[in-house]
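Worksheet: one structure, shown below.
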Amino acid sequence: MLGVGATAVFLTGSLALGAWRSRGRSPDAAAAGDSPLPLPISAMDWELTDHQSRPVSARDWLGRPAMIFFGFTWCPDVCPTTLMDISDWLEDLGTDADQLTVALITVDPERDTPEVLANYVQHFDPRIIGLTGSAGQIARAAQDFRVRYEKIPREDGDYTMNHTAGVFLFHADGRFASIIDFHEDRAFALPKLRRILT
């Protein structure tokens, strides 16, 4: 069994490995504070809008374990792959997965309206909710989760987003539990999920 110190080092390493999926990092990227670990949900102070245009705040998530991913609907690979993985994990958990709050928080509120998110999340497990808000609201949530993201212009005049790519897990009381890294084997991912369900 890992001690507290070893656990902190392990979590920090996991976050560093899976967090920043970017080909060209910019010093102007939205940074999220000195600690790499997310705040407990009970200490978060964000308010967003779900894909059915309903308000959602951090305190609404207390009392249920949570699995949270930051991404965007125009994402070509990491986001749909991760949401497919999440859908597979939920299926593997069976009815136990009904205890979870599962959410995609967009890092691209300019394009990801509630309507766009509603169309997007319907392609995955129906327990996954999409969340958006103003640029300031997304920045607030990202800061609480210690997520980084940045807008990357493309040569065709459009843009894409670089962002933290891990899946964050929280206990029902809001304590941060662990992170599932991008493409982490389900042999490791599922035990992490089962631990927050017990």
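In the structure tokens, chains take letters A, B, ... by order of appearance, with residues numbered from 1 within each chain and ligands from 1 in the order shown.
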Q) What are the DSSP alpha helix (DSSP H) residues of chain A, as a VMD selection string? A) chain A and resid 4 to 19 78 to 93 114 to 121 135 to 145 186 to 197
Q: Write out as a ChimeraX atom specification which residues come within 8 Å of segment 186-195 of chain A when counting only C-alpha atoms, dropping same-chain ones fewer than 4 positions away.
A: /A:89,93,169,178,180
Q.
I need the strand (DSSP E or B) residues of segment 1-197 of chain A per DSSP on the backbone, written as an NGL selection string.
A. :A and (20-21 or 30 or 47-50 or 55-57 or 66-71 or 101-106 or 128-132 or 149-153 or 159-164 or 167-170 or 176-180)
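Between Asp181 of chain A and the residues A:Asp88, A:Leu117, A:Thr82, A:Pro153, the shortest atom-to-atom distance, using only C-alpha atoms, involves A:Thr82.
For segment 105-109 of chain A, the non-local neighbours within 7 Å, defined as residues at least 4 positions apart in the same chain or in other chains and counting only C-alpha atoms, are A:Phe69, A:Phe70, A:Gly71, A:Phe72, A:Thr113, A:Gly130, A:Leu131, A:Thr132, A:Gly133, A:Ser134, A:Ala135, A:Ile138, A:Tyr149.
The coordinates place atom CA of Pro65 of chain A at 28.3 Å from atom CA of Glu150 of chain A.
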